[in-house]
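Peer 1: First, the structure itself, so that you have it in front of you.
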Amino acid sequence: MSDISTLRHILATCRTVAVVGLSPQWHRPSYFAAKYMQAHGYRIVPVNPLVAREGGDILGERCYPTVQAAAQALAAQGQSIDMVDCFRKSEDIPPLADAAIEIGAKCLWLQLGVEHAEAEAKAAQAGLRVVHDRCVKIEHARLFGGLNWAGVNTRVISAKRPQQLPY
Amino acid sequence: MAQDHPYGFGTLAIHAGAIPDPVTGARATPIHQTTSFVFDSAEHAASLFNLQTFGNVYSRIGNPTVSVLEERVAALEGGRAALACASGMAAQMTALLAILKAGDHIVAASTLYGGTVGQLGVGFERLGINTTFVDPADPENFRRAMRPNTRAVYGETIGNPLVNVLDIAAMAQVAHDHGVPLVIDNTVATPWLCRPFEHGADIVVHSATKYFGGHGTTMAGVVVESGKFDWGNGNFPDMVEPSRAYHGVKFYETFGDFGYTMKARMEVNRTFGAVLSPMNAWLILQGIETLHLRMQAHCRNARRVAEFLRDHPLVAWVNYPGLADSPYHALAAKQFRPVDGLPGGSGILTFGIRAEDPARAGERFIDACEFLSHLANIGDAKTLVIHPASTTHRQLSEDELKKAGVGPDMIRLSVGIEEVDDILWDLDQALRKAVG
């Protein structure tokens with residue numbers, strides 16, 4: 001499910017993203033990606049048990065210990081989580097896939113170097129879109145503009161004027 | 001499962017990296033002749049300097065016109081990302097300095113462009129990076145020269161001016177057995193004829209000055225990465241450890257399979273400044289749009305010229321990998337796109353005149369050409385001619401010349417895309433004048 005059309009659809013419709021494993025340290029890849037998404041109009045919901053235990057927040061958003069706790073808190077505000085974005089090791093994915101299914105998320109997104117065939121199949125079966133081994137920030141920049149400025153081969157071939165400005 | 005449409009070479013040559021400008025709707029790539037770009041806020045500026053968001057800051061780091069060229073070349077090579085530089089030599093330097101430092105070692109083919117022999121053998125050596133040059137005819141020569149501190153293997157797809165063809169896959173095997181990348185200069189072949197990544201190369205460098213531009217107006221270079229090399233294999237700590245230039249950003253971890261290009265851009269190009277101007281990038285882009293058509297014409301014409309010279313009574317020998325009796329024919333057939341059913345061989349060939357003093361005859365031949373241009377360049381739409389031993393490879397020692405395959409009688413032709421009958425006419429009349 002990683003063709004341009006599907007990825008564009010996911011990134012256009014999943015506006016509230018639970019970032020599992022979001023680090024509070026500004027130079028970590030998870031922080032980079034979450035900050036970027038926040039700057040581009042997405043709502044970031046941090047999921048990090050260690051930070052949550054201390055009652056901390058990251059990027060100005062309250063941090064939750066689990067995906068389910070985050071979904072519950074948002075439901076009380078009349079909001080829901082669209083995407084569960086995982087900055088975790090591949091072995092840690094199965095319970096996260098289950099959580100994504102449980103909360104009714106639209107998409108399970110596994111970051112760079114993260115894959116788990118079984119968990120992914122289970123999520124796909126439950127109707128979620130599944131993406132693995134990709135970074136939300138990089139894919140957003142690739143498809144909506146910005147990544148080309150880093151000289152990356154975006155593979156986007158089009159004669160249409162973009163409707164969304166890349167900043 | 002939906003798949004993206006796989007666009008062909010010619011389409012990519014025209015379109016890759018170039019979607020219409022969102023603000024103006026301009027279809028052709030605008031020339032963003034600006035040194036700097038505004039920040040939307042202090043926050044935005046901070047994000048850009050932290051590499052937390054992608055954007056334009058200063059044209060020594062990146063420029064939107066230059067980006068189009070970078071993406072264009074990355075797409076044509078089938079690579080992940082690319083970085084443009086002021087020249088092919090700058091691209092080589094940037095490609096290597098991104099991963100090498102004092103105390104490191106390179107194993108390179110001996111059959112290289114003279115300028116590259118100088119860059120590696122003298123320039124880099126002065127900086128404490130040593131190179132061992134080996135005869136690429138036997139890939140095992142590379143293996144024998146590898147040392148514990150070797151960090152790159154280097155060669156040219158088609159050597160200049162020996163016009164030898166590398167066995168890229170064999171060299172890649174040697175490099176990978178040692179956990180280092182294979183760097184290939186694909187200038188003479190171009191990705192139309194050969195894509196080194198498909199044969200195991202990890203980094204490709206280009207002098208875009210040559211076939212990419214094709215009009216001999218503009219200097220430029222490009223570095224491309226495959227995105228497949230494992231920089232975390234332990235041999236490249238600077239790729240995985242916190243960067244001193246970016247308060248702890250680990251290039252490979254943060255940017256993944258284009259981490260090398262990011263590092264080359266932020267730590268070499270930006271720091272040493274051998275960057276490409278937007279105007280020059282635009283000029284190269286004008287040429288690249290027709291690369292597929294021109295390369296086909298170059299290959300066709302070069303084959304006709306090679307056969308003509310081979311059969312000419314006044315010519316002693318001809319070297320062209322597309323000819324059946326070339327020692328490199330098998331490698332050409334294995335690695336190069338066929339043209340009219342035979343392996344393409346690009347546009348470069350060498351030959352020697354049958355005369356008592358072939359070197360002198362060669363000089364007279366060059367002087368007698370009517371429209372073949374005597375100059376130091378290759379890959380132009382115009383046919384070019386030169387005598388390497390006394391010019392492009394003049395700085396090499398006798399031993400180095402021998403290893404590069406440059407004899408005193410060698411004349412190098414960069415066959416252009418003029419009417420082939422005119423090229424043959426000029427060659428013939430100049431040969432007669434040279435020997436007569």
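Scheme for the structure tokens: letters A, B, ... for chains in order shown; per-chain residue numbers from 1; ligand numbers from 1 in order shown.
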Dump as a tab-separated table the rows for residues of chain A within 7 Å of chain B: closest atom pair and distance in Å with one decimal, only C-alpha atoms counted, ordered by chain and rising residue number.
Peer 2:
residue	atom	partner	partner_atom	distance
A:Met1	CA	B:Met1	CA	6.5
A:Asp3	CA	B:Gln3	CA	5.3
A:Ile4	CA	B:Asp4	CA	6.5
A:His27	CA	B:Val249	CA	5.7
A:Pro29	CA	B:Thr254	CA	5.1
A:Phe32	CA	B:Gln52	CA	5.1
A:Tyr36	CA	B:Thr53	CA	5.8
A:Gly146	CA	B:Phe54	CA	5.2
A:Leu147	CA	B:Phe54	CA	6.3
A:Asn148	CA	B:Ser67	CA	6.3
A:Trp149	CA	B:Ser67	CA	5.3
A:Ala150	CA	B:Ser67	CA	6.9
A:Gly151	CA	B:Glu70	CA	5.0
A:Val152	CA	B:Ala81	CA	4.0
A:Asn153	CA	B:Glu71	CA	4.9
A:Ile157	CA	B:Ala16	CA	6.1
A:Ser158	CA	B:Ile19	CA	5.6
A:Ala159	CA	B:Ile19	CA	5.8
A:Lys160	CA	B:Pro20	CA	6.3
A:Arg161	CA	B:Pro20	CA	5.1
A:Pro162	CA	B:Pro22	CA	5.3
A:Leu165	CA	B:Pro22	CA	7.0
Peer 1: Store the residues picked out above, limited to C-alpha atoms, as an mmCIF file, in the first residue's frame.
Peer 2:
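File produced: out28.cif:
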data_model
loop_
_atom_site.group_PDB
_atom_site.id
_atom_site.type_symbol
_atom_site.label_atom_id
_atom_site.label_comp_id
_atom_site.auth_asym_id
_atom_site.auth_seq_id
_atom_site.Cartn_x
_atom_site.Cartn_y
_atom_site.Cartn_z
ATOM 1 C CA MET A 1 0.000 0.000 0.000
ATOM 2 C CA ASP A 3 2.035 3.689 -4.154
ATOM 3 C CA ILE A 4 1.898 7.471 -4.512
ATOM 4 C CA HIS A 27 17.629 15.863 17.784
ATOM 5 C CA PRO A 29 14.338 11.287 14.425
ATOM 6 C CA PHE A 32 12.072 15.654 13.885
ATOM 7 C CA TYR A 36 7.529 18.574 10.981
ATOM 8 C CA GLY A 146 9.990 19.834 0.062
ATOM 9 C CA LEU A 147 11.897 16.572 -0.290
ATOM 10 C CA ASN A 148 12.810 17.417 -3.856
ATOM 11 C CA TRP A 149 14.831 20.321 -2.447
ATOM 12 C CA ALA A 150 17.110 17.746 -0.803
ATOM 13 C CA GLY A 151 17.807 16.249 -4.238
ATOM 14 C CA VAL A 152 15.731 13.144 -3.548
ATOM 15 C CA ASN A 153 14.179 11.191 -6.405
ATOM 16 C CA ILE A 157 5.817 12.854 -12.469
ATOM 17 C CA SER A 158 3.029 15.343 -13.034
ATOM 18 C CA ALA A 159 1.869 18.193 -15.225
ATOM 19 C CA LYS A 160 -0.549 19.490 -12.614
ATOM 20 C CA ARG A 161 0.116 22.575 -10.569
ATOM 21 C CA PRO A 162 0.276 21.513 -6.903
ATOM 22 C CA LEU A 165 2.139 24.842 -1.092
#
Peer 1: So that I can check the surroundings of stretch 42-58 of chain A, please list as a tab-separated table (two decimals) with C-alpha atoms, in the first residue's frame every protein, DNA and RNA residue that reaches within 7 Å of it, counting only C-alpha atoms and ignoring chain neighbours fewer than 2 positions away.
Peer 2:
chain	number	residue	atom	x	y	z
A	15	ARG	CA	-4.81	14.47	10.36
A	16	THR	CA	-4.50	13.28	13.99
A	17	VAL	CA	-1.42	11.14	14.53
A	18	ALA	CA	-0.49	9.19	17.65
A	19	VAL	CA	3.31	9.12	17.64
A	20	VAL	CA	4.33	6.04	19.58
A	21	GLY	CA	7.87	6.27	20.93
A	22	LEU	CA	8.12	10.03	20.50
A	24	PRO	CA	11.46	14.50	24.10
A	34	ALA	CA	6.58	14.92	14.83
A	37	MET	CA	4.03	17.07	10.92
A	38	GLN	CA	2.84	19.55	13.54
A	40	HIS	CA	2.32	21.06	8.45
A	60	GLY	CA	3.23	21.27	23.61
A	61	GLU	CA	1.02	18.16	23.62
A	62	ARG	CA	0.22	16.02	26.63
A	63	CYS	CA	1.99	12.69	26.59
A	64	TYR	CA	0.05	9.41	27.14
A	65	PRO	CA	1.29	6.00	28.36
A	66	THR	CA	-0.55	3.97	25.73
A	67	VAL	CA	-2.37	4.34	22.43
Peer 1: Run DSSP on the backbone and give me the residues of stretch 18-136 of chain A it puts in alpha helix (DSSP H), as a ChimeraX atom specification.
Peer 2: /A:29-39,49-53,67-76,93-102,117-125,136
Peer 1: Keeping only N, CA and C atoms, write the selected residues to a file as a compact mmCIF listing (two decimals), in the first residue's frame.
Peer 2:
# COMPACT_ATOMS: atom_id res chain seq x y z
N PRO A 29 15.18 11.37 15.63
CA PRO A 29 14.34 11.29 14.42
C PRO A 29 12.83 11.40 14.72
N SER A 30 12.37 10.83 15.83
CA SER A 30 10.94 10.87 16.12
C SER A 30 10.50 12.30 16.39
N TYR A 31 11.34 13.05 17.06
CA TYR A 31 11.03 14.46 17.36
C TYR A 31 10.99 15.26 16.06
N PHE A 32 12.01 15.00 15.19
CA PHE A 32 12.07 15.65 13.89
C PHE A 32 10.76 15.45 13.13
N ALA A 33 10.36 14.20 13.03
CA ALA A 33 9.18 13.86 12.24
C ALA A 33 7.92 14.50 12.85
N ALA A 34 7.78 14.39 14.17
CA ALA A 34 6.58 14.92 14.83
C ALA A 34 6.51 16.44 14.70
N LYS A 35 7.63 17.09 14.87
CA LYS A 35 7.67 18.56 14.76
C LYS A 35 7.29 19.00 13.35
N TYR A 36 7.83 18.27 12.38
CA TYR A 36 7.53 18.57 10.98
C TYR A 36 6.03 18.44 10.72
N MET A 37 5.45 17.32 11.18
CA MET A 37 4.03 17.07 10.92
C MET A 37 3.18 18.14 11.59
N GLN A 38 3.58 18.51 12.81
CA GLN A 38 2.84 19.55 13.54
C GLN A 38 2.90 20.86 12.77
N ALA A 39 4.08 21.17 12.22
CA ALA A 39 4.24 22.41 11.45
C ALA A 39 3.44 22.37 10.15
N PRO A 49 5.42 6.08 27.54
CA PRO A 49 5.12 5.77 28.95
C PRO A 49 6.04 6.47 29.95
N LEU A 50 7.33 6.57 29.62
CA LEU A 50 8.28 7.19 30.55
C LEU A 50 7.96 8.67 30.77
N VAL A 51 7.73 9.38 29.68
CA VAL A 51 7.43 10.81 29.77
C VAL A 51 6.05 11.01 30.39
N ALA A 52 5.13 10.10 30.04
CA ALA A 52 3.75 10.21 30.56
C ALA A 52 3.74 10.05 32.08
N ARG A 53 4.59 9.11 32.53
CA ARG A 53 4.64 8.85 33.98
C ARG A 53 5.03 10.10 34.76
N VAL A 67 -1.53 3.88 23.54
CA VAL A 67 -2.37 4.34 22.43
C VAL A 67 -3.83 4.42 22.89
N GLN A 68 -4.23 3.42 23.67
CA GLN A 68 -5.62 3.37 24.12
C GLN A 68 -5.94 4.57 25.03
N ALA A 69 -5.00 4.87 25.96
CA ALA A 69 -5.20 6.01 26.86
C ALA A 69 -5.33 7.29 26.07
N ALA A 70 -4.50 7.43 25.03
CA ALA A 70 -4.55 8.63 24.19
C ALA A 70 -5.91 8.72 23.49
N ALA A 71 -6.35 7.59 22.94
CA ALA A 71 -7.63 7.58 22.20
C ALA A 71 -8.78 7.95 23.13
N GLN A 72 -8.70 7.42 24.35
CA GLN A 72 -9.76 7.69 25.34
C GLN A 72 -9.82 9.19 25.66
N ALA A 73 -8.64 9.75 25.92
CA ALA A 73 -8.58 11.18 26.27
C ALA A 73 -9.12 12.02 25.12
N LEU A 74 -8.77 11.68 23.90
CA LEU A 74 -9.23 12.46 22.75
C LEU A 74 -10.73 12.30 22.55
N ALA A 75 -11.22 11.08 22.81
CA ALA A 75 -12.66 10.83 22.63
C ALA A 75 -13.48 11.76 23.54
N ALA A 76 -12.92 12.01 24.73
CA ALA A 76 -13.60 12.92 25.67
C ALA A 76 -13.69 14.33 25.08
N ILE A 93 5.85 -4.31 17.61
CA ILE A 93 4.70 -3.87 16.82
C ILE A 93 3.37 -4.61 17.09
N PRO A 94 3.40 -5.93 17.29
CA PRO A 94 2.10 -6.64 17.44
C PRO A 94 1.10 -5.99 18.42
N PRO A 95 1.50 -5.67 19.66
CA PRO A 95 0.50 -5.03 20.53
C PRO A 95 0.06 -3.66 20.03
N LEU A 96 0.93 -2.97 19.29
CA LEU A 96 0.56 -1.66 18.76
C LEU A 96 -0.44 -1.80 17.62
N ALA A 97 -0.26 -2.86 16.82
CA ALA A 97 -1.22 -3.13 15.75
C ALA A 97 -2.60 -3.43 16.37
N ASP A 98 -2.57 -4.22 17.43
CA ASP A 98 -3.83 -4.54 18.12
C ASP A 98 -4.48 -3.27 18.66
N ALA A 99 -3.66 -2.40 19.23
CA ALA A 99 -4.19 -1.15 19.78
C ALA A 99 -4.81 -0.30 18.67
N ALA A 100 -4.13 -0.23 17.53
CA ALA A 100 -4.64 0.57 16.41
C ALA A 100 -6.00 0.05 15.96
N ILE A 101 -6.12 -1.27 15.91
CA ILE A 101 -7.39 -1.88 15.52
C ILE A 101 -8.46 -1.56 16.56
N GLU A 102 -8.05 -1.69 17.83
CA GLU A 102 -8.99 -1.49 18.95
C GLU A 102 -9.58 -0.08 18.94
N ALA A 117 5.42 -8.56 9.39
CA ALA A 117 4.46 -9.09 8.42
C ALA A 117 3.13 -9.52 9.05
N GLU A 118 3.22 -10.27 10.15
CA GLU A 118 2.00 -10.78 10.78
C GLU A 118 1.10 -9.67 11.31
N ALA A 119 1.73 -8.76 12.08
CA ALA A 119 0.95 -7.67 12.66
C ALA A 119 0.34 -6.81 11.57
N GLU A 120 1.12 -6.60 10.51
CA GLU A 120 0.62 -5.77 9.39
C GLU A 120 -0.57 -6.43 8.71
N ALA A 121 -0.45 -7.74 8.50
CA ALA A 121 -1.54 -8.47 7.84
C ALA A 121 -2.81 -8.40 8.68
N LYS A 122 -2.62 -8.52 10.00
CA LYS A 122 -3.77 -8.47 10.91
C LYS A 122 -4.47 -7.11 10.80
N ALA A 123 -3.67 -6.06 10.79
CA ALA A 123 -4.24 -4.71 10.70
C ALA A 123 -4.93 -4.50 9.36
N ALA A 124 -4.30 -4.97 8.30
CA ALA A 124 -4.89 -4.81 6.97
C ALA A 124 -6.22 -5.56 6.89
N GLN A 125 -6.24 -6.73 7.46
CA GLN A 125 -7.45 -7.55 7.50
C GLN A 125 -8.57 -6.80 8.21
N VAL A 136 6.95 9.23 7.99
CA VAL A 136 5.83 10.12 7.63
C VAL A 136 6.32 11.47 7.14
Peer 1: Compile the contact shell of B:Ile129 as a PyMOL selection string: residues with an atom at most 6 Å away, counting only C-alpha atoms, same-chain residues fewer than 6 positions apart removed.
Peer 2: chain B and resi 102-105
Peer 1: Which value, in Å to one decimal, gives the distance between atom CA of B:Phe9 and atom CA of B:Ile288?
Peer 2: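 Atom-to-atom, atom CA of B:Phe9 and atom CA of B:Ile288 are spaced 11.1 Å apart.
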Peer 1: For a test of reading the model, state the distance in Å between atom CA of B:Leu372 and atom CA of B:Gln296, rounded to one decimal.
Peer 2: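 Spanning atom CA of B:Leu372 to atom CA of B:Gln296 is a straight-line distance of 19.7 Å.
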